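Report on one structure; see the data block that follows.
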Amino acid sequence: MIETIAFYIFSAVLVASAIMVVFSKNAVHSVLFLILAFFNAAGLFILLGAEFVAMILVIVYVGAVAVLFLFVVMMLDINFSDLRRGINTYLPFGIFLGVVLFIELVFLVFQGWVAPPTDGPALAAPAPMLSEISNTRALGQLIYTHYLYVFQVSGLILLVAMIGAIVLTLRHRPGVQRQRIATQVGRKRSESMVIKQVATGAGAPVE
Amino acid sequence: MADIWNSFWHLAFWQSIAGRGITILAEVLVVIVVLLIFVAYATYFERKVLALAQLRRGPNVIGPFGLLQPFADGLKLMVKETIIPAGANRVLFLMAPMLTFTLALVGWAVVPFYEGGAVANINVGILYLFAISSLGVYGIIIAGWASNSKYSFLGGLRSAAQMVSYEVSIGFVIVAVLLTVGSLNLTNVVMAQQSWWQWLLLSPMLVVFFISGLAETNRPPFDLPEGESELVGGFNTEYSAMTFALFMLGEYANMFMISALTSMLFLGGWLPPFGWDIAFLKWGPLPALLFIIKICAVMFVFLWVRATLPRFRYDQLMRLGWKVFLPFSLFWVMVIAGVLLATGTLPNPQ
C-alpha cells in the first residue's frame, strides 16, 4: 500500500518536474528541476529494489553531472526571446524525434522486452536467487563477466570523447609563470642564503 | 519491572505500521538531538582548541569555563534579523541554507553506532553517504547564485569546482576499502576487522581521504568558498541570523560526518582499537561511546589543521586534487587490488 502511494508520488513529481525543466523561464530553475527529476527517478529505482542503481544515479548525475551543468548555466546570460526566435525551424524535427520515441515506447509496452540472440551465454547462465545475491554483485557479474567486451568498448568510447574534449580546449599560453612545487621544495639553504659579517656603518657589499 | 518492560516491547502494536513509525521517529529524534548537541559544543571545542593553539583563553565568560557560550551564540543568531537582499531570488535564497542543513542531517540515518545500530541498516550504506555528501555542494552553489552578489557567486563557483575535484579521490578511497571488505554495508565494513598488513596497505588512503574530507567540508586550509580575505564571506556573504546559522550548523555536522566515515572506514568504528578483544568494551553503551570518542578524536585533527595551516591558493588546491590525489588514489587502488589478488585475500572470490 505504502509502496503504491510512494510510486505515484515519485512518478507524479518526476513528470511534473520534467515538464518544468522544459517550460521554466530561467535556465537555472530548469537545472534545479532536472535535479528534482533525477531524485524522483532514484526513488523509483529504490521501489524496484535496485538500490545500487539508485545511489549511482544520485552520485553520478546529481552529484557530478548536474553540478557542472549548474556551474555552466549559472554563468550564462541567456536571453530566452532570442532563443525562441528559431523555434519554428526546429519544431518539425523535434516533433519527429518525439514521435519516434513515442512509437518505440508503444512497441515496448505492447511487445515486451526481447533480448538479442547474441546474449545467449548471459541468458543461459543460471539466475541467482534474489535472497542469495546482492544488487551490487548481480550487476558486477553482468557487467564484468557476461558483458565485459561491451563494457570495455563503451569505456574506450568515453576515453576517445575525453581526449577529444581535452584536445579541443587545451591551449598553451606562452609567458605564463607556473609554480614548480618540486623546485621550491628541493631548494637548499646553501643555494639560497648566505650569511655575511657586515661591518657597522659600511653596509653589505653588492655582488 | 523487567517483565513489564519486556512485555511492553513485545506488544503486537510495535510490529504494526503505526508502531514502527513511532519507533523510527523516536530513533531519528534521538540521533538528531544528540548530533545537534555535539554540533553546538563543536563550536565551543573549536574555539577552545584554537585558543590553546594561539596561547589565548578562548570563551570563558558565559557559564563555568564558558560552557554556555554555544547557547548564547544560538540565542543571538535566533533573535537577529534575517535580511534578504533586494535583488535576491527569495525562494532559492531561503531554500539554500535549509538544504545544506537537511543534507547534513540525513546522512546520519545509515551510520551504525554499534553493531547493526543504525536508523536504516541498508545494503548500500557507503554509497548513500557518498551521494549525500556530494549533494552538500548544492546548498552552497544555490546560495551563491541566489544572493545576486559577486562575492557570493564566486564563492559558489569555487565550491562547485572544489567539491567535484575532491569527490573523485574520495570515490577511489571508498573503492579501495570496499575491495578489502567486500561489502557496501557499513556494519559489515566495520565488522570486517582488517589485519595489520591490510591496514598498512590502506593507510595512505586514510591520508588522502582525510585531506579530501577537509576540502569536501570547505574547512581550512581549503575554505576558499568562504575565503574571507578575498571574498568577504564567500557564499554566505549575504546571509544573516538563522539562515547563516543553518550553514554553520550544516558545516559542523558535515565535519562530524567525515570524522564518522573516517573512523568507520579506517579506525574500526565501535570496535576496540588494534583488534584487541576486550570484553569490557562490548558491554552496553560502551561501543557507541567508543565510536563517539573516535569521532571526536578525528574532529580534533580538523581543528588542529585549522590552527596550523594557512589557506591554499586556488590553483594549488586544484593541482593537489587533480594532479596528486587522483593519480595516486587510482594507482593505489590498483596496488591494493593486485596485492589482494596475489595473496588470495579478496573477499568472496567466486
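Here's how to read the names in the C-alpha cells: chain A, B, ... by the order shown, residue numbers from 1 in each chain, ligand numbers from 1 in the order shown.
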Test item: chain B residues at most 7 Å from chain A, counting only C-alpha atoms, as a PyMOL selection string: chain B and resi 124+127-128+131+134-135+157+160+164
Output of the above residues as a PDB file, in the first residue's frame, restricted to C-alpha atoms:
ATOM      1  CA  VAL B 124      24.478   0.370   0.095  1.00  0.00           C
ATOM      2  CA  LEU B 127      27.166   4.781  -1.446  1.00  0.00           C
ATOM      3  CA  TYR B 128      24.305   6.555   0.309  1.00  0.00           C
ATOM      4  CA  ALA B 131      25.738  10.502  -2.521  1.00  0.00           C
ATOM      5  CA  SER B 134      28.215  15.029  -2.854  1.00  0.00           C
ATOM      6  CA  LEU B 135      24.836  16.771  -2.677  1.00  0.00           C
ATOM      7  CA  LEU B 157      31.626  28.625  -8.246  1.00  0.00           C
ATOM      8  CA  ALA B 160      31.380  23.609  -7.114  1.00  0.00           C
ATOM      9  CA  VAL B 164      33.786  17.870  -7.874  1.00  0.00           C
TER      10      VAL B 164
END
Env of region 73-88 of chain B: 9 Å cut, atoms = only C-alpha atoms, seq-sep filter 2 positions within chain, self excluded. Answer as a CSV table (one decimal) with all heavy atoms, in the first residue's frame.
chain,number,residue,atom,x,y,z
B,40,ALA,N,26.7,21.9,18.6
B,40,ALA,CA,26.8,23.1,19.4
B,40,ALA,C,28.1,23.1,20.1
B,40,ALA,O,28.8,24.1,20.1
B,40,ALA,CB,25.6,23.2,20.3
B,68,LEU,N,28.5,27.7,28.5
B,68,LEU,CA,27.1,28.1,27.9
B,68,LEU,C,27.3,28.9,26.7
B,68,LEU,O,26.3,29.4,26.1
B,68,LEU,CB,26.3,28.8,29.0
B,68,LEU,CG,26.0,27.9,30.2
B,68,LEU,CD1,25.2,28.7,31.2
B,68,LEU,CD2,25.2,26.7,29.8
B,69,GLN,N,28.5,29.2,26.2
B,69,GLN,CA,28.8,30.0,25.1
B,69,GLN,C,27.9,29.6,23.8
B,69,GLN,O,27.3,30.5,23.2
B,69,GLN,CB,30.3,30.0,24.8
B,69,GLN,CG,30.7,31.0,23.6
B,69,GLN,CD,30.6,32.4,24.0
B,69,GLN,OE1,30.9,32.8,25.1
B,69,GLN,NE2,30.0,33.2,23.2
B,70,PRO,N,27.9,28.3,23.5
B,70,PRO,CA,27.1,27.9,22.3
B,70,PRO,C,25.7,28.4,22.4
B,70,PRO,O,25.1,28.8,21.4
B,70,PRO,CB,27.2,26.4,22.3
B,70,PRO,CG,28.4,26.1,23.0
B,70,PRO,CD,28.6,27.1,24.1
B,71,PHE,N,25.1,28.3,23.6
B,71,PHE,CA,23.7,28.6,23.7
B,71,PHE,C,23.5,30.2,23.6
B,71,PHE,O,22.5,30.6,23.0
B,71,PHE,CB,23.1,28.1,25.0
B,71,PHE,CG,23.1,26.7,25.1
B,71,PHE,CD1,24.1,26.0,25.8
B,71,PHE,CD2,22.2,25.9,24.4
B,71,PHE,CE1,24.1,24.6,25.8
B,71,PHE,CE2,22.2,24.5,24.4
B,71,PHE,CZ,23.2,23.9,25.1
B,90,ARG,N,14.2,35.1,-3.9
B,90,ARG,CA,13.8,34.9,-2.5
B,90,ARG,C,13.7,33.4,-2.1
B,90,ARG,O,14.2,32.9,-1.1
B,90,ARG,CB,12.5,35.5,-2.2
B,90,ARG,CG,12.5,37.0,-2.0
B,90,ARG,CD,11.1,37.5,-1.7
B,90,ARG,NE,10.8,37.1,-0.3
B,90,ARG,CZ,10.9,37.9,0.8
B,90,ARG,NH1,11.5,39.1,0.6
B,90,ARG,NH2,10.6,37.5,1.9
B,91,VAL,N,13.0,32.6,-3.0
B,91,VAL,CA,12.7,31.2,-2.7
B,91,VAL,C,14.1,30.4,-2.6
B,91,VAL,O,14.3,29.8,-1.6
B,91,VAL,CB,11.9,30.6,-3.8
B,91,VAL,CG1,11.6,29.1,-3.5
B,91,VAL,CG2,10.5,31.4,-3.9
B,92,LEU,N,14.9,30.6,-3.6
B,92,LEU,CA,16.2,29.8,-3.6
B,92,LEU,C,17.1,30.3,-2.5
B,92,LEU,O,17.8,29.5,-1.9
B,92,LEU,CB,16.9,29.9,-4.9
B,92,LEU,CG,16.2,29.2,-6.1
B,92,LEU,CD1,17.0,29.3,-7.3
B,92,LEU,CD2,16.1,27.7,-5.7
B,93,PHE,N,17.0,31.6,-2.2
B,93,PHE,CA,17.9,32.2,-1.2
B,93,PHE,C,17.6,31.6,0.2
B,93,PHE,O,18.5,31.3,0.9
B,93,PHE,CB,17.7,33.7,-1.1
B,93,PHE,CG,18.5,34.5,-0.2
B,93,PHE,CD1,19.8,34.8,-0.5
B,93,PHE,CD2,18.1,34.8,1.1
B,93,PHE,CE1,20.7,35.5,0.4
B,93,PHE,CE2,18.9,35.5,2.0
B,93,PHE,CZ,20.2,35.8,1.6
B,94,LEU,N,16.3,31.4,0.5
B,94,LEU,CA,15.9,30.8,1.7
B,94,LEU,C,16.0,29.3,1.7
B,94,LEU,O,16.3,28.6,2.7
B,94,LEU,CB,14.5,31.2,2.1
B,94,LEU,CG,14.4,32.7,2.5
B,94,LEU,CD1,12.9,33.0,2.7
B,94,LEU,CD2,15.2,33.0,3.7
B,145,TRP,N,24.4,31.7,-6.0
B,145,TRP,CA,23.7,32.2,-7.2
B,145,TRP,C,22.5,33.1,-6.8
B,145,TRP,O,22.3,34.2,-7.3
B,145,TRP,CB,23.2,31.1,-8.1
B,145,TRP,CG,22.5,31.6,-9.3
B,145,TRP,CD1,23.1,32.0,-10.5
B,145,TRP,CD2,21.1,31.7,-9.6
B,145,TRP,NE1,22.2,32.4,-11.4
B,145,TRP,CE2,21.0,32.2,-10.9
B,145,TRP,CE3,20.0,31.4,-8.8
B,145,TRP,CZ2,19.7,32.4,-11.4
B,145,TRP,CZ3,18.7,31.6,-9.4
B,145,TRP,CH2,18.6,32.1,-10.7
B,146,ALA,N,21.7,32.6,-5.8
B,146,ALA,CA,20.5,33.3,-5.4
B,146,ALA,C,20.8,34.6,-4.7
B,146,ALA,O,19.9,35.5,-4.6
B,146,ALA,CB,19.6,32.4,-4.5
B,147,SER,N,22.0,34.8,-4.1
B,147,SER,CA,22.3,36.0,-3.4
B,147,SER,C,22.4,37.2,-4.3
B,147,SER,O,22.3,38.3,-3.9
B,147,SER,CB,23.6,35.9,-2.6
B,147,SER,OG,23.5,34.9,-1.7
B,148,ASN,N,22.6,37.0,-5.6
B,148,ASN,CA,22.8,38.0,-6.5
B,148,ASN,C,23.9,39.0,-6.1
B,148,ASN,O,23.7,40.2,-6.1
B,148,ASN,CB,21.5,38.8,-6.7
B,148,ASN,CG,21.5,39.6,-8.0
B,148,ASN,OD1,22.4,39.4,-8.9
B,148,ASN,ND2,20.6,40.5,-8.1
B,149,SER,N,25.1,38.4,-5.7
B,149,SER,CA,26.2,39.2,-5.3
B,149,SER,C,27.5,38.6,-5.9
B,149,SER,O,27.5,37.4,-6.0
B,149,SER,CB,26.3,39.3,-3.8
B,149,SER,OG,27.6,39.2,-3.3
B,238,GLU,N,25.8,37.3,2.1
B,238,GLU,CA,24.6,38.0,2.2
B,238,GLU,C,23.7,37.4,3.3
B,238,GLU,O,22.6,37.8,3.5
B,238,GLU,CB,23.8,37.9,0.9
B,238,GLU,CG,24.6,38.5,-0.3
B,238,GLU,CD,24.8,40.0,-0.2
B,238,GLU,OE1,24.1,40.6,0.5
B,238,GLU,OE2,25.7,40.4,-0.9
B,239,TYR,N,24.2,36.3,4.0
B,239,TYR,CA,23.3,35.6,4.9
B,239,TYR,C,23.4,36.2,6.3
B,239,TYR,O,24.6,36.5,6.7
B,239,TYR,CB,23.5,34.1,4.9
B,239,TYR,CG,22.9,33.5,3.7
B,239,TYR,CD1,23.6,33.4,2.5
B,239,TYR,CD2,21.6,33.0,3.7
B,239,TYR,CE1,23.1,32.8,1.4
B,239,TYR,CE2,21.1,32.4,2.6
B,239,TYR,CZ,21.8,32.3,1.5
B,239,TYR,OH,21.2,31.7,0.4
B,240,SER,N,22.3,36.2,7.0
B,240,SER,CA,22.4,36.7,8.4
B,240,SER,C,21.5,35.8,9.3
B,240,SER,O,20.8,35.0,8.8
B,240,SER,CB,21.9,38.2,8.5
B,240,SER,OG,20.5,38.2,8.0
B,241,ALA,N,21.7,36.0,10.6
B,241,ALA,CA,20.8,35.3,11.6
B,241,ALA,C,20.7,33.8,11.3
B,241,ALA,O,21.7,33.2,11.1
B,241,ALA,CB,19.4,36.0,11.6
B,242,MET,N,19.4,33.3,11.4
B,242,MET,CA,19.3,31.9,11.3
B,242,MET,C,19.7,31.2,10.0
B,242,MET,O,20.1,30.1,9.9
B,242,MET,CB,17.8,31.5,11.6
B,242,MET,CG,17.5,31.3,13.0
B,242,MET,SD,18.8,30.5,14.0
B,242,MET,CE,18.4,28.8,13.8
B,243,THR,N,19.5,32.0,8.9
B,243,THR,CA,20.0,31.4,7.6
B,243,THR,C,21.5,31.2,7.6
B,243,THR,O,21.9,30.1,7.2
B,243,THR,CB,19.6,32.4,6.5
B,243,THR,OG1,20.1,33.7,6.8
B,243,THR,CG2,18.1,32.4,6.2
B,244,PHE,N,22.2,32.1,8.3
B,244,PHE,CA,23.7,31.9,8.4
B,244,PHE,C,23.9,30.7,9.4
B,244,PHE,O,24.8,29.9,9.1
B,244,PHE,CB,24.3,33.2,8.9
B,244,PHE,CG,25.7,33.0,9.3
B,244,PHE,CD1,26.7,32.9,8.4
B,244,PHE,CD2,26.1,32.9,10.7
B,244,PHE,CE1,28.0,32.7,8.8
B,244,PHE,CE2,27.4,32.7,11.1
B,244,PHE,CZ,28.4,32.6,10.1
B,245,ALA,N,23.1,30.7,10.5
B,245,ALA,CA,23.3,29.7,11.5
B,245,ALA,C,23.2,28.3,10.8
B,245,ALA,O,23.9,27.3,11.2
B,245,ALA,CB,22.4,29.9,12.6
Who sits within 10 Å of Leu129 (chain B), only C-alpha atoms, same chain under 6 positions skipped, as a PDB file with all heavy atoms, in the first residue's frame:
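Produced file around.pdb, reproduced below:
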ATOM      1  N   MET A  55      21.525   4.725  -6.093  1.00  0.00           N
ATOM      2  CA  MET A  55      22.609   5.503  -5.494  1.00  0.00           C
ATOM      3  C   MET A  55      23.568   6.023  -6.565  1.00  0.00           C
ATOM      4  O   MET A  55      24.023   7.163  -6.504  1.00  0.00           O
ATOM      5  CB  MET A  55      23.394   4.643  -4.493  1.00  0.00           C
ATOM      6  CG  MET A  55      22.620   4.338  -3.254  1.00  0.00           C
ATOM      7  SD  MET A  55      22.060   5.822  -2.446  1.00  0.00           S
ATOM      8  CE  MET A  55      20.571   5.246  -1.705  1.00  0.00           C
ATOM      9  N   ILE A  59      24.713   9.761  -7.288  1.00  0.00           N
ATOM     10  CA  ILE A  59      26.121  10.160  -7.205  1.00  0.00           C
ATOM     11  C   ILE A  59      26.594  10.751  -8.525  1.00  0.00           C
ATOM     12  O   ILE A  59      27.196  11.818  -8.568  1.00  0.00           O
ATOM     13  CB  ILE A  59      26.997   8.953  -6.818  1.00  0.00           C
ATOM     14  CG1 ILE A  59      26.717   8.536  -5.388  1.00  0.00           C
ATOM     15  CG2 ILE A  59      28.474   9.292  -6.960  1.00  0.00           C
ATOM     16  CD1 ILE A  59      27.341   7.233  -5.007  1.00  0.00           C
TER      17      ILE A  59
ATOM     18  N   VAL B 106      20.561  14.149   7.103  1.00  0.00           N
ATOM     19  CA  VAL B 106      20.014  12.872   6.606  1.00  0.00           C
ATOM     20  C   VAL B 106      21.080  11.798   6.464  1.00  0.00           C
ATOM     21  O   VAL B 106      20.768  10.615   6.515  1.00  0.00           O
ATOM     22  CB  VAL B 106      19.266  13.030   5.258  1.00  0.00           C
ATOM     23  CG1 VAL B 106      17.993  13.788   5.439  1.00  0.00           C
ATOM     24  CG2 VAL B 106      20.135  13.659   4.208  1.00  0.00           C
ATOM     25  N   GLY B 107      22.345  12.210   6.302  1.00  0.00           N
ATOM     26  CA  GLY B 107      23.397  11.205   6.175  1.00  0.00           C
ATOM     27  C   GLY B 107      23.477  10.291   7.386  1.00  0.00           C
ATOM     28  O   GLY B 107      23.823   9.119   7.271  1.00  0.00           O
ATOM     29  N   TRP B 108      23.121  10.831   8.565  1.00  0.00           N
ATOM     30  CA  TRP B 108      23.289  10.061   9.797  1.00  0.00           C
ATOM     31  C   TRP B 108      22.313   8.906   9.893  1.00  0.00           C
ATOM     32  O   TRP B 108      22.429   8.085  10.811  1.00  0.00           O
ATOM     33  CB  TRP B 108      23.151  10.983  11.003  1.00  0.00           C
ATOM     34  CG  TRP B 108      24.316  11.888  11.081  1.00  0.00           C
ATOM     35  CD1 TRP B 108      24.446  13.096  10.479  1.00  0.00           C
ATOM     36  CD2 TRP B 108      25.552  11.630  11.726  1.00  0.00           C
ATOM     37  NE1 TRP B 108      25.686  13.610  10.723  1.00  0.00           N
ATOM     38  CE2 TRP B 108      26.379  12.726  11.497  1.00  0.00           C
ATOM     39  CE3 TRP B 108      26.036  10.556  12.487  1.00  0.00           C
ATOM     40  CZ2 TRP B 108      27.674  12.796  11.981  1.00  0.00           C
ATOM     41  CZ3 TRP B 108      27.322  10.641  12.983  1.00  0.00           C
ATOM     42  CH2 TRP B 108      28.120  11.751  12.728  1.00  0.00           C
ATOM     43  N   ALA B 109      21.348   8.840   8.963  1.00  0.00           N
ATOM     44  CA  ALA B 109      20.374   7.746   9.004  1.00  0.00           C
ATOM     45  C   ALA B 109      21.054   6.386   8.888  1.00  0.00           C
ATOM     46  O   ALA B 109      20.581   5.408   9.455  1.00  0.00           O
ATOM     47  CB  ALA B 109      19.354   7.914   7.886  1.00  0.00           C
ATOM     48  N   VAL B 110      22.153   6.300   8.158  1.00  0.00           N
ATOM     49  CA  VAL B 110      22.750   4.987   7.908  1.00  0.00           C
ATOM     50  C   VAL B 110      23.981   4.719   8.768  1.00  0.00           C
ATOM     51  O   VAL B 110      24.585   3.660   8.648  1.00  0.00           O
ATOM     52  CB  VAL B 110      23.136   4.811   6.429  1.00  0.00           C
ATOM     53  CG1 VAL B 110      21.906   4.858   5.562  1.00  0.00           C
ATOM     54  CG2 VAL B 110      24.124   5.846   6.000  1.00  0.00           C
ATOM     55  N   VAL B 111      24.368   5.674   9.616  1.00  0.00           N
ATOM     56  CA  VAL B 111      25.585   5.460  10.408  1.00  0.00           C
ATOM     57  C   VAL B 111      25.289   4.532  11.576  1.00  0.00           C
ATOM     58  O   VAL B 111      24.436   4.835  12.407  1.00  0.00           O
ATOM     59  CB  VAL B 111      26.118   6.809  10.938  1.00  0.00           C
ATOM     60  CG1 VAL B 111      27.286   6.586  11.867  1.00  0.00           C
ATOM     61  CG2 VAL B 111      26.513   7.687   9.790  1.00  0.00           C
ATOM     62  N   LEU B 135      25.938  15.829  -2.468  1.00  0.00           N
ATOM     63  CA  LEU B 135      24.836  16.771  -2.677  1.00  0.00           C
ATOM     64  C   LEU B 135      25.041  18.062  -1.903  1.00  0.00           C
ATOM     65  O   LEU B 135      24.449  19.083  -2.220  1.00  0.00           O
ATOM     66  CB  LEU B 135      23.523  16.150  -2.219  1.00  0.00           C
ATOM     67  CG  LEU B 135      23.044  14.966  -3.029  1.00  0.00           C
ATOM     68  CD1 LEU B 135      21.732  14.485  -2.500  1.00  0.00           C
ATOM     69  CD2 LEU B 135      22.901  15.372  -4.467  1.00  0.00           C
ATOM     70  N   LEU B 186      27.611  -0.616   5.928  1.00  0.00           N
ATOM     71  CA  LEU B 186      28.554  -0.005   6.875  1.00  0.00           C
ATOM     72  C   LEU B 186      28.848  -0.901   8.071  1.00  0.00           C
ATOM     73  O   LEU B 186      29.980  -0.947   8.557  1.00  0.00           O
ATOM     74  CB  LEU B 186      28.001   1.341   7.351  1.00  0.00           C
ATOM     75  CG  LEU B 186      28.195   2.468   6.349  1.00  0.00           C
ATOM     76  CD1 LEU B 186      27.353   3.659   6.705  1.00  0.00           C
ATOM     77  CD2 LEU B 186      29.657   2.864   6.292  1.00  0.00           C
ATOM     78  N   MET B 257      30.357  14.158  10.106  1.00  0.00           N
ATOM     79  CA  MET B 257      30.088  13.037   9.197  1.00  0.00           C
ATOM     80  C   MET B 257      31.395  12.501   8.615  1.00  0.00           C
ATOM     81  O   MET B 257      31.612  11.282   8.573  1.00  0.00           O
ATOM     82  CB  MET B 257      29.153  13.517   8.081  1.00  0.00           C
ATOM     83  CG  MET B 257      28.874  12.491   7.036  1.00  0.00           C
ATOM     84  SD  MET B 257      28.331  10.957   7.747  1.00  0.00           S
ATOM     85  CE  MET B 257      26.655  11.374   8.092  1.00  0.00           C
ATOM     86  N   ILE B 258      32.279  13.410   8.174  1.00  0.00           N
ATOM     87  CA  ILE B 258      33.554  12.946   7.629  1.00  0.00           C
ATOM     88  C   ILE B 258      34.354  12.223   8.715  1.00  0.00           C
ATOM     89  O   ILE B 258      34.973  11.185   8.472  1.00  0.00           O
ATOM     90  CB  ILE B 258      34.361  14.141   7.058  1.00  0.00           C
ATOM     91  CG1 ILE B 258      33.658  14.720   5.836  1.00  0.00           C
ATOM     92  CG2 ILE B 258      35.772  13.717   6.685  1.00  0.00           C
ATOM     93  CD1 ILE B 258      33.718  13.873   4.607  1.00  0.00           C
ATOM     94  N   LEU B 261      32.864   8.831   9.109  1.00  0.00           N
ATOM     95  CA  LEU B 261      33.249   7.978   7.982  1.00  0.00           C
ATOM     96  C   LEU B 261      34.693   7.518   8.135  1.00  0.00           C
ATOM     97  O   LEU B 261      35.007   6.343   7.915  1.00  0.00           O
ATOM     98  CB  LEU B 261      33.104   8.752   6.673  1.00  0.00           C
ATOM     99  CG  LEU B 261      31.909   8.409   5.813  1.00  0.00           C
ATOM    100  CD1 LEU B 261      31.883   9.295   4.599  1.00  0.00           C
ATOM    101  CD2 LEU B 261      31.977   6.962   5.407  1.00  0.00           C
TER     102      LEU B 261
END
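Atom pair CA of Asp315 (chain B) / CA of Val137 (chain B) has a distance of 19.5 Å (rounded to one decimal).
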For Val15 (chain A), please output as a PyMOL selection string all residues within 10 Å (counting only C-alpha atoms; exclusion window: fewer than 5 positions along the same chain). chain A and resi 10+20-21+37+40-41
Residues within 8 Å of Arg219 (chain B), please, as a ChimeraX atom specification. Count only C-alpha atoms; anything in the same chain fewer than 4 positions from it doesn't count. /B:214-215,223,302,306
Please dump the current selection as a compact mmCIF listing (two decimals), in the first residue's frame; keep all heavy atoms.
# COMPACT_ATOMS: atom_id res chain seq x y z
N LEU B 214 38.60 17.32 4.24
CA LEU B 214 38.76 18.74 4.57
C LEU B 214 38.25 19.61 3.44
O LEU B 214 37.55 20.60 3.65
CB LEU B 214 40.24 19.07 4.81
CG LEU B 214 40.89 18.62 6.10
CD1 LEU B 214 42.37 18.95 6.04
CD2 LEU B 214 40.27 19.32 7.27
N ALA B 215 38.60 19.22 2.20
CA ALA B 215 38.18 20.00 1.04
C ALA B 215 36.68 19.88 0.84
O ALA B 215 36.01 20.85 0.48
CB ALA B 215 38.92 19.54 -0.21
N ASP B 223 39.22 26.41 2.73
CA ASP B 223 37.95 27.13 2.87
C ASP B 223 37.85 28.27 1.87
O ASP B 223 37.40 29.36 2.20
CB ASP B 223 37.77 27.62 4.30
CG ASP B 223 38.90 28.49 4.76
OD1 ASP B 223 39.95 28.45 4.12
OD2 ASP B 223 38.73 29.22 5.75
N PHE B 302 40.71 17.96 12.64
CA PHE B 302 40.14 19.03 11.81
C PHE B 302 40.54 20.39 12.37
O PHE B 302 40.98 21.28 11.65
CB PHE B 302 38.62 18.93 11.83
CG PHE B 302 38.01 18.17 10.68
CD1 PHE B 302 37.80 16.82 10.77
CD2 PHE B 302 37.65 18.82 9.54
CE1 PHE B 302 37.23 16.12 9.73
CE2 PHE B 302 37.08 18.15 8.49
CZ PHE B 302 36.88 16.79 8.58
N ARG B 306 43.24 23.40 11.21
CA ARG B 306 42.82 24.79 11.02
C ARG B 306 43.76 25.74 11.77
O ARG B 306 44.10 26.81 11.27
CB ARG B 306 41.40 24.98 11.52
CG ARG B 306 41.03 26.43 11.48
CD ARG B 306 39.61 26.71 11.76
NE ARG B 306 39.43 28.16 11.70
CZ ARG B 306 38.31 28.77 11.93
NH1 ARG B 306 37.24 28.07 12.22
NH2 ARG B 306 38.23 30.06 11.85
Using only C-alpha atoms, the shortest atom-to-atom distance to Asn236 (chain B) among B:Thr23, B:Ser159, B:Ser203, B:Asn60 belongs to B:Ser159
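With only C-alpha atoms as the basis for measurement, B:Asn89 is the residue among B:Leu290, B:Pro272, B:Asn89, B:Leu105 that approaches Asn26 (chain A) most closely.
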Under the rule that only C-alpha atoms are counted, which of B:Met264, B:Ala176, B:Val49, B:Leu29 is the nearest residue to Val305 (chain B)?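 Ranking B:Met264, B:Ala176, B:Val49, B:Leu29 by distance to Val305 (chain B), first place goes to B:Val49.
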